[in-house]
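Novice: Here you go, this is upload34.csv (CSV, C-alpha atoms).
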```csv
chain,number,residue,atom,x,y,z
T,112,MET,CA,3.9,-15.3,18.8
T,113,ASN,CA,6.8,-15.1,21.1
T,114,ARG,CA,8.1,-17.9,23.1
T,115,LEU,CA,7.6,-18.0,26.8
T,116,THR,CA,10.7,-19.9,27.7
T,117,HIS,CA,11.6,-21.2,31.0
T,118,LYS,CA,14.3,-18.8,32.2
T,119,ASN,CA,17.3,-20.8,31.3
T,120,PRO,CA,20.4,-18.6,31.0
T,121,GLU,CA,22.2,-21.3,28.9
T,122,VAL,CA,19.6,-21.1,26.2
T,123,SER,CA,19.8,-17.3,26.1
T,124,THR,CA,23.6,-17.3,25.7
T,125,GLN,CA,23.4,-19.8,22.8
T,126,ALA,CA,20.9,-17.7,21.1
T,127,ILE,CA,22.9,-14.5,21.4
T,128,GLU,CA,25.8,-16.1,19.6
T,129,GLN,CA,23.8,-16.3,16.4
T,130,ASP,CA,25.0,-13.4,14.3
T,131,TYR,CA,22.0,-11.9,12.5
T,132,LYS,CA,20.4,-15.3,12.3
T,133,GLY,CA,18.2,-14.5,15.2
T,134,THR,CA,16.9,-17.0,17.7
T,135,SER,CA,18.9,-20.2,17.8
T,136,ALA,CA,17.6,-23.7,16.9
T,137,GLU,CA,18.2,-24.6,20.6
T,138,ALA,CA,16.0,-21.8,21.8
T,139,ILE,CA,13.2,-22.5,19.4
T,140,GLN,CA,13.2,-26.2,20.1
T,141,TYR,CA,13.4,-25.6,23.8
T,142,HIS,CA,10.1,-23.9,23.6
T,143,TYR,CA,8.2,-25.5,20.8
T,144,ASP,CA,9.3,-29.1,20.8
T,145,ASP,CA,8.2,-30.0,24.2
T,146,GLY,CA,4.9,-28.2,23.7
T,147,ASN,CA,2.9,-29.9,20.9
T,148,ASP,CA,0.5,-31.5,23.3
T,149,PHE,CA,0.3,-28.4,25.5
T,150,PHE,CA,-0.4,-26.0,22.5
T,151,ARG,CA,-3.0,-28.4,21.2
T,152,VAL,CA,-4.9,-27.9,24.4
T,153,TRP,CA,-5.5,-24.2,23.8
T,154,LEU,CA,-4.8,-23.3,20.2
T,155,ASP,CA,-7.4,-24.0,17.6
T,156,ASN,CA,-7.2,-26.8,15.0
T,157,THR,CA,-5.0,-24.8,12.7
T,158,MET,CA,-2.4,-24.7,15.5
T,159,ALA,CA,-1.8,-21.1,14.6
T,160,TYR,CA,0.2,-19.4,17.4
T,161,THR,CA,-0.1,-16.0,15.8
T,162,CYS,CA,-2.7,-13.2,15.7
T,163,ALA,CA,-6.0,-14.1,14.0
T,164,MET,CA,-8.1,-11.7,12.0
T,165,TRP,CA,-11.5,-11.0,13.5
T,166,GLU,CA,-14.7,-9.5,12.1
T,167,LYS,CA,-16.7,-7.1,14.1
T,168,GLY,CA,-19.1,-8.8,16.5
T,169,GLU,CA,-17.4,-12.2,16.3
T,170,GLY,CA,-17.2,-14.1,19.6
T,171,LEU,CA,-14.2,-15.9,21.0
T,172,GLU,CA,-15.5,-19.2,19.7
T,173,ALA,CA,-14.8,-18.0,16.2
T,174,LEU,CA,-11.1,-18.3,16.7
T,175,GLU,CA,-10.5,-20.9,14.0
T,176,THR,CA,-12.5,-19.0,11.4
T,177,ALA,CA,-10.6,-15.8,12.4
T,178,GLN,CA,-7.3,-17.7,12.0
T,179,ILE,CA,-8.2,-19.0,8.5
T,180,ARG,CA,-9.3,-15.5,7.6
T,181,LYS,CA,-5.8,-14.3,8.6
T,182,LEU,CA,-4.2,-16.9,6.3
T,183,ASP,CA,-6.3,-15.9,3.4
T,184,PHE,CA,-5.6,-12.2,4.0
T,185,HIS,CA,-1.9,-12.8,3.8
T,186,ILE,CA,-2.2,-15.1,0.8
T,187,ASN,CA,-4.2,-12.4,-1.1
T,188,GLN,CA,-1.9,-9.6,0.1
T,189,ALA,CA,1.2,-11.4,-1.2
T,190,LYS,CA,-0.6,-12.2,-4.5
T,191,ALA,CA,0.2,-15.9,-3.9
T,192,LYS,CA,-3.0,-17.3,-5.3
T,193,GLY,CA,-2.2,-19.8,-8.1
T,194,ALA,CA,1.5,-19.1,-7.8
T,195,LYS,CA,4.1,-21.6,-8.7
T,196,ARG,CA,6.4,-21.3,-5.7
T,197,VAL,CA,5.7,-19.6,-2.3
T,198,LEU,CA,7.9,-19.5,0.7
T,199,ASP,CA,6.6,-19.4,4.3
T,200,ILE,CA,9.3,-18.3,6.7
T,201,GLY,CA,8.7,-19.7,10.2
T,202,CYS,CA,6.0,-22.1,9.0
T,203,GLY,CA,4.9,-23.3,12.4
T,204,TRP,CA,2.6,-26.3,12.2
T,205,GLY,CA,2.0,-25.7,8.5
T,206,SER,CA,-1.5,-24.4,8.4
T,207,LEU,CA,-0.5,-21.7,5.9
T,208,LEU,CA,1.4,-24.2,3.7
T,209,ARG,CA,-1.7,-26.4,3.5
T,210,ARG,CA,-4.0,-23.5,2.8
T,211,LEU,CA,-1.7,-22.3,-0.1
T,212,VAL,CA,-1.7,-25.7,-1.8
T,213,GLU,CA,-5.1,-27.1,-0.9
T,214,VAL,CA,-7.3,-24.0,-1.3
T,215,HIS,CA,-5.3,-21.4,-3.3
T,216,GLY,CA,-3.8,-23.6,-6.0
T,217,VAL,CA,-0.2,-23.0,-5.3
T,218,GLU,CA,2.1,-25.6,-7.0
T,219,LYS,CA,4.8,-25.7,-4.4
T,220,ALA,CA,4.7,-24.2,-0.9
T,221,VAL,CA,8.0,-24.3,1.0
T,222,GLY,CA,8.2,-23.8,4.7
T,223,VAL,CA,11.3,-23.3,6.9
T,224,THR,CA,11.2,-23.7,10.7
T,225,LEU,CA,13.8,-24.4,13.4
T,226,SER,CA,11.5,-26.7,15.3
T,227,LYS,CA,11.9,-30.5,14.8
T,228,ALA,CA,8.4,-31.2,16.1
T,229,GLN,CA,6.9,-28.8,13.6
T,230,THR,CA,9.0,-30.2,10.7
T,231,LYS,CA,7.8,-33.7,11.6
T,232,HIS,CA,4.2,-32.6,11.8
T,233,VAL,CA,4.3,-30.8,8.4
T,234,LYS,CA,6.0,-33.9,6.8
T,235,SER,CA,3.2,-36.0,8.1
T,236,PHE,CA,0.8,-34.3,5.7
T,237,LYS,CA,2.5,-36.2,2.9
T,238,ASN,CA,1.5,-33.5,0.5
T,239,PRO,CA,3.7,-33.5,-2.6
T,240,GLY,CA,3.0,-29.8,-3.0
T,241,ILE,CA,4.5,-29.0,0.4
T,242,GLU,CA,8.2,-29.0,1.3
T,243,VAL,CA,9.5,-28.2,4.8
T,244,TYR,CA,13.1,-27.6,5.9
T,245,LEU,CA,14.5,-27.7,9.4
T,246,GLU,CA,16.8,-24.8,9.0
T,247,ASN,CA,17.4,-21.2,9.9
T,248,TRP,CA,15.9,-18.8,7.3
T,249,ALA,CA,19.4,-17.3,7.0
T,250,ASP,CA,20.7,-20.7,5.8
T,251,HIS,CA,17.9,-21.2,3.2
T,252,HIS,CA,19.3,-21.6,-0.3
T,253,PRO,CA,16.4,-22.3,-2.7
T,254,GLU,CA,17.1,-23.9,-6.1
T,255,GLU,CA,14.5,-21.7,-7.7
T,256,LEU,CA,13.1,-18.3,-6.9
T,257,TYR,CA,9.8,-17.7,-5.3
T,258,ASP,CA,6.7,-15.8,-6.6
T,259,ALA,CA,5.7,-14.7,-3.1
T,260,ILE,CA,7.0,-14.7,0.5
T,261,LEU,CA,5.0,-14.9,3.7
T,262,GLY,CA,6.3,-14.2,7.1
T,263,ILE,CA,3.8,-14.4,9.9
T,264,GLU,CA,5.3,-13.3,13.2
T,265,VAL,CA,8.8,-14.4,12.3
T,266,ILE,CA,10.4,-11.0,12.6
T,267,GLU,CA,10.1,-11.3,16.3
T,268,HIS,CA,12.8,-14.0,16.2
T,269,ILE,CA,15.4,-11.9,14.2
T,270,VAL,CA,17.1,-9.9,17.0
T,271,GLN,CA,17.9,-10.6,20.6
T,272,VAL,CA,17.0,-8.3,23.5
T,273,GLY,CA,19.1,-5.3,24.1
T,274,LEU,CA,20.6,-4.5,20.8
T,275,PRO,CA,21.0,-0.8,19.9
T,276,GLU,CA,18.7,0.5,17.2
T,277,THR,CA,21.4,0.6,14.5
T,278,GLU,CA,22.2,-3.1,15.1
T,279,LYS,CA,18.6,-4.0,15.0
T,280,VAL,CA,18.1,-2.3,11.7
T,281,LYS,CA,21.2,-4.1,10.3
T,282,ALA,CA,19.7,-7.4,11.3
T,283,TYR,CA,16.3,-6.6,9.8
T,284,ARG,CA,18.0,-5.4,6.6
T,285,ASN,CA,19.9,-8.7,6.4
T,286,PHE,CA,16.5,-10.4,6.5
T,287,PHE,CA,15.1,-8.1,3.8
T,288,GLU,CA,18.2,-8.6,1.6
T,289,ARG,CA,17.7,-12.4,1.7
T,290,CYS,CA,14.0,-12.1,0.8
T,291,HIS,CA,14.9,-9.7,-2.0
T,292,LYS,CA,17.3,-12.3,-3.4
T,293,TRP,CA,14.8,-15.2,-3.1
T,294,LEU,CA,12.0,-13.4,-4.8
T,295,LYS,CA,11.3,-13.2,-8.5
T,296,PRO,CA,11.2,-9.7,-10.0
T,297,GLY,CA,7.9,-8.0,-9.2
T,298,GLY,CA,7.3,-10.5,-6.3
T,299,TRP,CA,5.3,-9.6,-3.2
T,300,MET,CA,5.8,-10.2,0.4
T,301,SER,CA,3.2,-10.1,3.2
T,302,LEU,CA,4.4,-9.8,6.8
T,303,GLN,CA,2.8,-9.8,10.2
T,304,THR,CA,4.7,-8.8,13.3
T,305,ILE,CA,4.3,-7.3,16.7
T,306,VAL,CA,5.9,-3.9,17.0
T,307,TYR,CA,6.6,-1.6,19.9
T,308,ASP,CA,4.6,1.6,19.8
T,309,ASN,CA,3.5,3.8,22.6
T,310,MET,CA,6.3,3.0,25.0
T,311,ARG,CA,9.7,4.5,25.6
T,312,PRO,CA,12.9,2.6,24.7
T,313,GLU,CA,14.1,2.8,28.3
T,314,ASN,CA,10.9,1.0,29.4
T,315,PHE,CA,11.4,-1.8,27.0
T,316,SER,CA,13.7,-3.8,29.2
T,317,GLN,CA,11.4,-3.4,32.2
T,318,PHE,CA,8.5,-4.6,30.1
T,319,LEU,CA,10.6,-7.5,28.7
T,320,THR,CA,12.0,-8.6,32.0
T,321,THR,CA,8.5,-9.1,33.5
T,322,GLU,CA,8.3,-12.5,31.8
T,323,VAL,CA,6.4,-11.2,28.8
T,324,PHE,CA,8.9,-11.4,26.0
T,325,PRO,CA,12.1,-13.0,27.3
T,326,GLU,CA,14.8,-13.9,24.8
T,327,SER,CA,13.7,-12.0,21.8
T,328,ASP,CA,12.9,-8.5,20.8
T,329,HIS,CA,10.4,-6.6,18.7
T,330,ALA,CA,11.0,-4.0,16.1
T,331,THR,CA,9.5,-0.6,15.9
T,332,LEU,CA,7.7,0.3,12.6
T,333,ALA,CA,10.5,2.9,12.0
T,334,GLU,CA,13.2,0.2,12.2
T,335,LEU,CA,11.4,-2.0,9.7
T,336,VAL,CA,10.7,0.9,7.4
T,337,LYS,CA,14.4,1.9,7.5
T,338,ALA,CA,15.6,-1.6,7.0
T,339,ARG,CA,13.8,-2.3,3.8
T,340,GLU,CA,14.9,0.9,2.0
T,341,ARG,CA,15.9,0.3,-1.6
T,342,LEU,CA,14.8,-3.3,-1.4
T,343,PHE,CA,11.1,-3.3,-0.9
T,344,GLU,CA,8.4,-0.7,-1.3
T,345,ILE,CA,5.7,-0.6,1.3
T,346,VAL,CA,2.3,-0.9,-0.3
T,347,ALA,CA,0.1,-1.2,2.8
T,348,ILE,CA,0.4,-1.2,6.6
T,349,ARG,CA,-2.4,-2.1,8.9
T,350,ASN,CA,-2.4,-1.8,12.7
T,351,ASP,CA,-4.6,-4.6,14.1
T,352,ARG,CA,-3.7,-4.6,17.7
T,353,GLN,CA,-7.3,-5.2,18.7
T,354,ASP,CA,-7.2,-8.4,16.8
T,355,TYR,CA,-4.4,-9.6,19.0
T,356,GLU,CA,-6.1,-8.6,22.2
T,357,LEU,CA,-9.0,-10.7,21.1
T,358,THR,CA,-6.8,-13.6,20.0
T,359,CYS,CA,-5.0,-13.6,23.4
T,360,LYS,CA,-8.3,-13.5,25.1
T,361,ALA,CA,-9.6,-16.5,23.1
T,362,TRP,CA,-6.4,-18.4,24.0
T,363,LEU,CA,-6.7,-17.5,27.6
T,364,SER,CA,-10.3,-18.6,27.8
T,365,ARG,CA,-9.5,-21.9,26.1
T,366,LEU,CA,-6.5,-22.5,28.4
T,367,LYS,CA,-8.6,-21.8,31.5
T,368,LYS,CA,-11.4,-24.0,30.3
T,369,ASN,CA,-8.9,-26.9,29.7
T,370,ARG,CA,-6.6,-26.0,32.7
T,371,THR,CA,-6.6,-29.6,34.1
T,372,ALA,CA,-5.5,-31.0,30.7
T,373,ALA,CA,-2.9,-28.4,30.4
T,374,ILE,CA,-1.5,-29.0,33.9
T,375,ASN,CA,-1.3,-32.7,33.1
T,376,VAL,CA,1.0,-31.9,30.2
T,377,VAL,CA,3.3,-29.2,31.6
T,378,GLY,CA,2.5,-28.7,35.2
T,379,SER,CA,0.7,-25.9,37.1
T,380,GLU,CA,3.6,-23.5,37.2
T,381,VAL,CA,3.9,-23.3,33.4
T,382,VAL,CA,0.2,-23.0,33.0
T,383,ALA,CA,0.1,-20.2,35.5
T,384,ARG,CA,2.9,-18.4,33.7
T,385,TYR,CA,1.2,-18.7,30.3
T,386,GLU,CA,-2.0,-17.3,31.8
T,387,LYS,CA,-0.1,-14.4,33.2
T,388,TYR,CA,1.7,-13.9,29.9
T,389,LEU,CA,-1.5,-13.9,27.9
T,390,LYS,CA,-3.0,-11.3,30.2
T,391,PHE,CA,0.1,-9.1,29.9
T,392,CYS,CA,-0.2,-9.3,26.1
T,393,MET,CA,-3.9,-8.4,26.3
T,394,ILE,CA,-2.9,-5.3,28.3
T,395,GLY,CA,-0.1,-4.4,25.9
T,396,PHE,CA,-2.3,-4.6,22.8
T,397,HIS,CA,-5.3,-3.0,24.6
T,398,THR,CA,-3.2,0.1,25.6
T,399,GLY,CA,-1.2,0.2,22.3
T,400,SER,CA,2.2,-0.1,24.0
T,401,ILE,CA,2.6,-2.8,21.4
T,402,ASN,CA,0.8,-3.1,18.1
T,403,LEU,CA,0.3,-5.8,15.5
T,404,ALA,CA,1.5,-4.7,12.1
T,405,ARG,CA,0.4,-6.3,8.8
T,406,ILE,CA,2.6,-5.1,6.0
T,407,ALA,CA,2.4,-5.7,2.2
T,408,MET,CA,5.6,-5.1,0.3
T,409,ARG,CA,6.6,-5.2,-3.3
T,410,ARG,CA,10.1,-6.1,-4.4
T,411,ILE,CA,12.0,-3.2,-5.9
T,412,ASP,CA,13.5,-4.7,-9.0
T,413,LYS,CA,16.0,-1.9,-9.7
T,414,PRO,CA,17.3,-0.7,-6.4
T,415,CYS,CA,19.3,2.5,-6.8
T,416,LYS,CA,22.9,2.2,-5.9
P,282,MET,CA,8.8,-3.3,40.5
P,283,GLU,CA,7.9,-6.5,42.3
P,284,ILE,CA,5.6,-6.6,45.2
P,285,LYS,CA,7.7,-7.1,48.3
P,286,ALA,CA,7.5,-10.3,50.3
P,287,THR,CA,6.0,-8.5,53.3
P,288,GLN,CA,3.4,-6.9,51.1
P,289,MET,CA,2.6,-10.2,49.6
P,290,HIS,CA,2.0,-11.6,53.1
P,291,GLN,CA,-0.2,-8.7,54.0
P,292,LEU,CA,-2.1,-9.1,50.7
P,293,SER,CA,-2.6,-12.8,51.2
P,294,THR,CA,-3.8,-12.0,54.7
P,295,VAL,CA,-6.3,-9.5,53.3
P,296,TYR,CA,-7.3,-12.0,50.7
P,297,GLU,CA,-7.7,-14.9,53.2
P,298,SER,CA,-9.8,-12.8,55.5
P,299,GLN,CA,-12.0,-11.7,52.6
P,300,LYS,CA,-12.3,-15.3,51.7
P,301,GLU,CA,-13.3,-16.3,55.2
P,302,ASN,CA,-15.9,-13.5,55.2
P,303,ALA,CA,-17.3,-14.8,52.0
P,304,GLN,CA,-17.4,-18.3,53.3
P,305,GLY,CA,-19.0,-17.2,56.5
P,306,ASP,CA,-21.7,-15.5,54.5
P,307,LYS,CA,-24.3,-18.2,54.4
P,308,SER,CA,-26.6,-16.4,52.0
P,309,ASN,CA,-23.8,-16.3,49.5
P,310,HIS,CA,-25.3,-13.3,47.8
P,311,PRO,CA,-23.5,-11.8,44.8
P,312,LYS,CA,-21.1,-9.0,45.8
P,313,THR,CA,-22.6,-5.6,45.7
P,314,ALA,CA,-20.8,-2.5,44.3
P,315,ALA,CA,-20.2,-1.4,47.9
P,316,ASP,CA,-18.6,-4.8,48.8
P,317,ILE,CA,-16.3,-4.5,45.8
P,318,GLN,CA,-15.4,-0.9,46.6
P,319,GLU,CA,-14.4,-2.0,50.1
P,320,TRP,CA,-12.3,-4.8,48.8
P,321,LEU,CA,-10.5,-2.5,46.4
P,322,VAL,CA,-9.8,0.1,49.1
P,323,SER,CA,-8.4,-2.5,51.4
P,324,TYR,CA,-6.4,-4.0,48.6
P,325,LEU,CA,-4.9,-0.7,47.6
P,326,THR,CA,-4.0,0.3,51.2
P,327,VAL,CA,-1.9,-2.8,51.6
P,328,SER,CA,-0.5,-3.0,48.1
P,329,LEU,CA,0.6,0.7,48.1
P,330,GLU,CA,1.2,1.0,51.8
P,331,ILE,CA,-1.1,4.0,52.2
P,332,GLU,CA,-3.8,4.9,54.7
P,333,PRO,CA,-7.5,4.1,53.7
P,334,GLU,CA,-8.4,7.7,54.0
P,335,ASN,CA,-5.9,8.5,51.3
P,336,VAL,CA,-7.6,6.2,48.9
P,337,ASP,CA,-9.8,8.3,46.6
P,338,ARG,CA,-12.6,6.3,45.1
P,339,THR,CA,-13.2,8.9,42.4
P,340,ILE,CA,-9.8,9.0,40.7
P,341,PRO,CA,-8.6,6.7,38.0
P,342,PHE,CA,-6.5,3.7,39.0
P,343,GLU,CA,-3.6,4.9,36.9
P,344,ASN,CA,-3.2,7.9,39.3
P,345,TYR,CA,-2.1,5.3,41.9
P,346,GLY,CA,0.9,4.4,39.7
P,347,LEU,CA,0.1,0.7,39.7
P,348,ASP,CA,2.5,-1.0,37.4
P,349,SER,CA,1.3,-3.8,35.1
P,350,LEU,CA,2.4,-6.5,37.5
P,351,LYS,CA,0.4,-5.0,40.3
P,352,ALA,CA,-2.6,-4.4,38.1
P,353,LEU,CA,-2.5,-8.0,37.0
P,354,ALA,CA,-2.2,-9.2,40.6
P,355,LEU,CA,-5.1,-7.1,41.5
P,356,THR,CA,-7.4,-8.3,38.8
P,357,GLY,CA,-6.3,-11.9,39.5
P,358,ASP,CA,-7.1,-11.7,43.2
P,359,LEU,CA,-10.3,-9.8,42.5
P,360,GLU,CA,-11.3,-12.6,40.1
P,361,ASP,CA,-10.7,-15.2,42.8
P,362,TRP,CA,-12.7,-13.3,45.4
P,363,LEU,CA,-15.6,-12.6,43.1
P,364,GLY,CA,-15.7,-16.0,41.6
P,365,TYR,CA,-16.0,-14.8,38.1
P,366,GLU,CA,-13.7,-13.6,35.4
P,367,VAL,CA,-12.4,-10.1,35.4
P,368,ASP,CA,-10.8,-8.7,32.2
P,369,PRO,CA,-7.2,-7.8,33.0
P,370,THR,CA,-7.5,-4.8,30.7
P,371,LEU,CA,-10.2,-3.2,32.9
P,372,MET,CA,-7.5,-1.5,34.9
P,373,TYR,CA,-6.5,0.5,31.8
P,374,ASP,CA,-9.9,1.9,30.9
P,375,SER,CA,-9.7,4.9,33.2
P,376,HIS,CA,-11.8,3.3,35.8
P,377,THR,CA,-12.0,4.6,39.3
P,378,ILE,CA,-12.9,2.4,42.3
P,379,GLU,CA,-16.5,3.6,42.0
P,380,THR,CA,-16.9,3.0,38.3
P,381,LEU,CA,-15.0,-0.3,38.3
P,382,ALA,CA,-17.3,-1.7,41.1
P,383,LYS,CA,-20.4,-0.4,39.3
P,384,HIS,CA,-19.1,-1.9,36.0
P,385,LEU,CA,-18.5,-5.3,37.5
P,386,VAL,CA,-21.9,-5.5,39.2
P,387,GLU,CA,-23.7,-4.4,36.0
P,388,GLU,CA,-21.8,-6.9,33.9
```
The structure given in the file should be rewritten as C-alpha cells.
Specialist:
Amino acid sequence: MNRLTHKNPEVSTQAIEQDYKGTSAEAIQYHYDDGNDFFRVWLDNTMAYTCAMWEKGEGLEALETAQIRKLDFHINQAKAKGAKRVLDIGCGWGSLLRRLVEVHGVEKAVGVTLSKAQTKHVKSFKNPGIEVYLENWADHHPEELYDAILGIEVIEHIVQVGLPETEKVKAYRNFFERCHKWLKPGGWMSLQTIVYDNMRPENFSQFLTTEVFPESDHATLAELVKARERLFEIVAIRNDRQDYELTCKAWLSRLKKNRTAAINVVGSEVVARYEKYLKFCMIGFHTGSINLARIAMRRIDKPCK
Amino acid sequence: MEIKATQMHQLSTVYESQKENAQGDKSNHPKTAADIQEWLVSYLTVSLEIEPENVDRTIPFENYGLDSLKALALTGDLEDWLGYEVDPTLMYDSHTIETLAKHLVEE
C-alpha cells in the first residue's frame, strides 16, 4: 500500500534524487518507522498493509483469513512451495517470509525492506530460515540465485510522481532486469500492484495531489507489460479491485473502532487523514479508476537480442 | 477543486442548524427519506451555490459534477448528521437524491 506521508517537501526532494531506485530510505522510514504502533491498531495480526484476497460472502471480520489467503495465492503462483531460496521484495513486517518458511517448506526466505523498524521486527523472529536486509532492492546482490521472487505492492515505490511514460517504463524495466538476473532459469515471479485504469493521464496529478498518493506513482498495465518484454512472459493477470475496496473498508472500520487508541499514538489530524485516504481508495477501486493487478510471470531464459 | 472557505462556512452553518434541529427533536426518531432528501437538497444548494429549485431530486449525483473531495465531504457530513455509517462509494452508484434517501432508510 502507498504511504500517506506528512507533506514534507524535503522528503519528496530526497526521494526524487534516487535514480531508478524509487522511493528513498528516508521517505520509507519517514512513513513506516514511526508507525508500528499506529498500524498495529488497525491492520490485522499479519500486519499486511496490502490488498487481501476475499472469498464471496466473507465479512470484514475475515480480514486476517483473507490476508493469509493472499499470501498463499502468491506463493502458489510463484511456484515457491518447497523451494530452496525465495526473495520477497519489500517484505514489510515479514508475514510472507514466515509463511514461506513455516508453512510452505521453503529453505531460505530472503526479504529486503527500507524500513529499519520492519527489519528489526523480522529479525526478532529469530528464524534461521529467514534473512532480512535493510537495503534498496536495486542494491541487492544475492550470493546465490532464487527459485522464485515475490513482490507484493512494491512496484508502487519504483517511480516518483510526474515522470513521463517512457521514463516510467525504463524504471520498471530496470526492476525487471534485476529480477531476471536474480532468478534461476525457469523461475517464476508473482507480483501484486495497484495500477491506473479508467482515468486520463491529465487527471492523474489532480487525483494524486488530493492527498491520496503523495510521493509515489502507479503504473498502468501497459507500462508493466512493455517493461518486461524479452525478460518475462506473462502467464496470468487478475484484476481484483473489489478485493481492495473491501480491504480498505475493513481497515477503515477497524481504525474507526479503535479511533481513540489511534489518536493516542499519532494524533487526531493524522487519524482523520488516514480515514479520508482509505475512503478515497475505496472510491478509486469501486469505480475502477484504479485497479489491483495480480500478475504471474515466468522468466524468459533465452531472451532474443 | 477545494471547497472555498466561504462555502465551508456556509456548509458548517447548514450542518450546525441541522444538528440543532436534530437535538431539538425530543422524540429523536430516525430520519425519514423525506428528511434525508431535504438535507441533501440544502447541502447541494450551498456546496454548489445553486438555487434549491434547480436541484433535481431525480437525476444522478454525478450530473452535479461533484468531485471526489466534495463527494467525500458530503458523505462524511451526512454520516455525522444521521449518526450511522454511510459508505463513501454510495455517491458513485448512480444514486439520485430520491434513491439515496430511500436506500439509506431501507438499509
Novice: Just how far from CA of Phe396 (chain T) is CA of Cys359 (chain T), in Å to one decimal?
Specialist: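 Distance between the two atoms: 9.4 Å.
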Novice: Would you give me, as a JSON list (two decimals) with C-alpha atoms, in the coordinates of the input, the residues of chain P that come within 10 Å of chain T, using all atoms listed in the file?
Specialist:
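Saved the output as selection07.json:
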```
[["chain", "number", "residue", "atom", "x", "y", "z"],
["P", 282, "MET", "CA", 8.80, -3.30, 40.50],
["P", 283, "GLU", "CA", 7.90, -6.50, 42.30],
["P", 349, "SER", "CA", 1.30, -3.80, 35.10],
["P", 350, "LEU", "CA", 2.40, -6.50, 37.50],
["P", 352, "ALA", "CA", -2.60, -4.40, 38.10],
["P", 353, "LEU", "CA", -2.50, -8.00, 37.00],
["P", 354, "ALA", "CA", -2.20, -9.20, 40.60],
["P", 357, "GLY", "CA", -6.30, -11.90, 39.50],
["P", 366, "GLU", "CA", -13.70, -13.60, 35.40],
["P", 368, "ASP", "CA", -10.80, -8.70, 32.20],
["P", 369, "PRO", "CA", -7.20, -7.80, 33.00],
["P", 370, "THR", "CA", -7.50, -4.80, 30.70],
["P", 371, "LEU", "CA", -10.20, -3.20, 32.90],
["P", 372, "MET", "CA", -7.50, -1.50, 34.90],
["P", 373, "TYR", "CA", -6.50, 0.50, 31.80],
["P", 374, "ASP", "CA", -9.90, 1.90, 30.90]]
```
Novice: Give me, as a PyMOL selection string, all polymer residues having an atom no more than 9 Å from Glu343 (chain P), counting all atoms listed in the file and skipping those fewer than 2 positions away in the same chain.
Specialist: chain P and resi 340-341+345-348+372-373+375-377
Novice: Could you pull the residues within 10 Å of Leu357 (chain T), counting all atoms listed in the file, minus those fewer than 3 positions along the same chain, as a list in words?
Specialist: Cys162, Ala163, Met164, Trp165, Glu169, Gly170, Leu171, Leu174, Arg352, Gln353, Asp354, Lys360, Ala361, Trp362, Leu363, Met393, Phe396 and His397 of chain T
Novice: Measuring atom to atom with all atoms listed in the file, identify which of T:His252, T:Arg349, T:Lys367, T:Arg341 is nearest to Lys416 (chain T).
Specialist: T:Arg341
Novice: Could you pull the residues within 10 Å of Gln318 (chain P), counting only C-alpha atoms, minus those fewer than 2 positions along the same chain, as JSON, numbers by chain?
Specialist: {"P": [312, 313, 314, 315, 316, 320, 321, 322, 323, 324, 338, 377, 378, 379, 380, 381, 382, 383]}
Novice: Now that the selection is made, can you save its residues with C-alpha atoms as a short mmCIF file (atom, residue, chain, number, x, y, z; two decimals), in the coordinates of the input?
Specialist:
```
data_model
loop_
_atom_site.label_atom_id
_atom_site.label_comp_id
_atom_site.auth_asym_id
_atom_site.auth_seq_id
_atom_site.Cartn_x
_atom_site.Cartn_y
_atom_site.Cartn_z
CA LYS P 312 -21.10 -9.00 45.80
CA THR P 313 -22.60 -5.60 45.70
CA ALA P 314 -20.80 -2.50 44.30
CA ALA P 315 -20.20 -1.40 47.90
CA ASP P 316 -18.60 -4.80 48.80
CA TRP P 320 -12.30 -4.80 48.80
CA LEU P 321 -10.50 -2.50 46.40
CA VAL P 322 -9.80 0.10 49.10
CA SER P 323 -8.40 -2.50 51.40
CA TYR P 324 -6.40 -4.00 48.60
CA ARG P 338 -12.60 6.30 45.10
CA THR P 377 -12.00 4.60 39.30
CA ILE P 378 -12.90 2.40 42.30
CA GLU P 379 -16.50 3.60 42.00
CA THR P 380 -16.90 3.00 38.30
CA LEU P 381 -15.00 -0.30 38.30
CA ALA P 382 -17.30 -1.70 41.10
CA LYS P 383 -20.40 -0.40 39.30
#
```
Novice: Between CA of Glu388 (chain P) and CA of Val367 (chain P), what is the distance in Å, rounded to a tenth?
Specialist: 10.0 Å
Novice: Is there a way to get, as a PyMOL selection string, all residues within 10 Å of the point (18.9, -6.4, 8.8) in file coordinates, counting all atoms listed in the file?
Specialist: chain T and resi 131-132+269-270+277-289+334-335+337-339
Novice: Separation of CA of Asp148 (chain T) and CA of Ile374 (chain T), in Å?
Specialist: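 Between these atoms lies a distance of 11.1 Å.
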Novice: With all atoms listed in the file as the basis for distance, which of P:Val386, P:Asp358, P:Tyr365, P:Leu329 is at the shortest distance from Asn344 (chain P)?
Specialist: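 The answer is P:Leu329, which sits nearest to Asn344 (chain P).
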Novice: Set the distance at 8 Å and use all atoms listed in the file: which residues neighbour Ile266 (chain T) once local chain neighbours fewer than 2 positions away are removed? I'd like the list as a PyMOL selection string.
Specialist: chain T and resi 262-264+268-269+283+304+329-330
Novice: Given only C-alpha atoms as the basis, pick out the residue of T:Ile200, T:Leu342, T:Val382, T:Leu211 nearest to Phe184 (chain T).
Specialist: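 Going through T:Ile200, T:Leu342, T:Val382, T:Leu211 one by one, the smallest distance to Phe184 (chain T) is for T:Leu211.
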Novice: Missing atoms in region 376-380 of chain P: can you complete it with N, CA and C atoms, as an mmCIF file, in the coordinates of the input?
Specialist:
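result21.cif written:
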```cif
data_model
loop_
_atom_site.group_PDB
_atom_site.id
_atom_site.type_symbol
_atom_site.label_atom_id
_atom_site.label_comp_id
_atom_site.auth_asym_id
_atom_site.auth_seq_id
_atom_site.Cartn_x
_atom_site.Cartn_y
_atom_site.Cartn_z
ATOM 1 N N HIS P 376 -10.876 3.514 34.737
ATOM 2 C CA HIS P 376 -11.800 3.300 35.800
ATOM 3 C C HIS P 376 -11.358 3.832 37.137
ATOM 4 N N THR P 377 -12.309 4.281 37.942
ATOM 5 C CA THR P 377 -12.000 4.600 39.300
ATOM 6 C C THR P 377 -12.569 3.447 40.167
ATOM 7 N N ILE P 378 -12.331 3.475 41.467
ATOM 8 C CA ILE P 378 -12.900 2.400 42.300
ATOM 9 C C ILE P 378 -14.384 2.348 42.170
ATOM 10 N N GLU P 379 -15.008 3.518 42.146
ATOM 11 C CA GLU P 379 -16.500 3.600 42.000
ATOM 12 C C GLU P 379 -16.965 3.006 40.712
ATOM 13 N N THR P 380 -16.343 3.451 39.612
ATOM 14 C CA THR P 380 -16.900 3.000 38.300
ATOM 15 C C THR P 380 -16.546 1.550 38.033
#
```
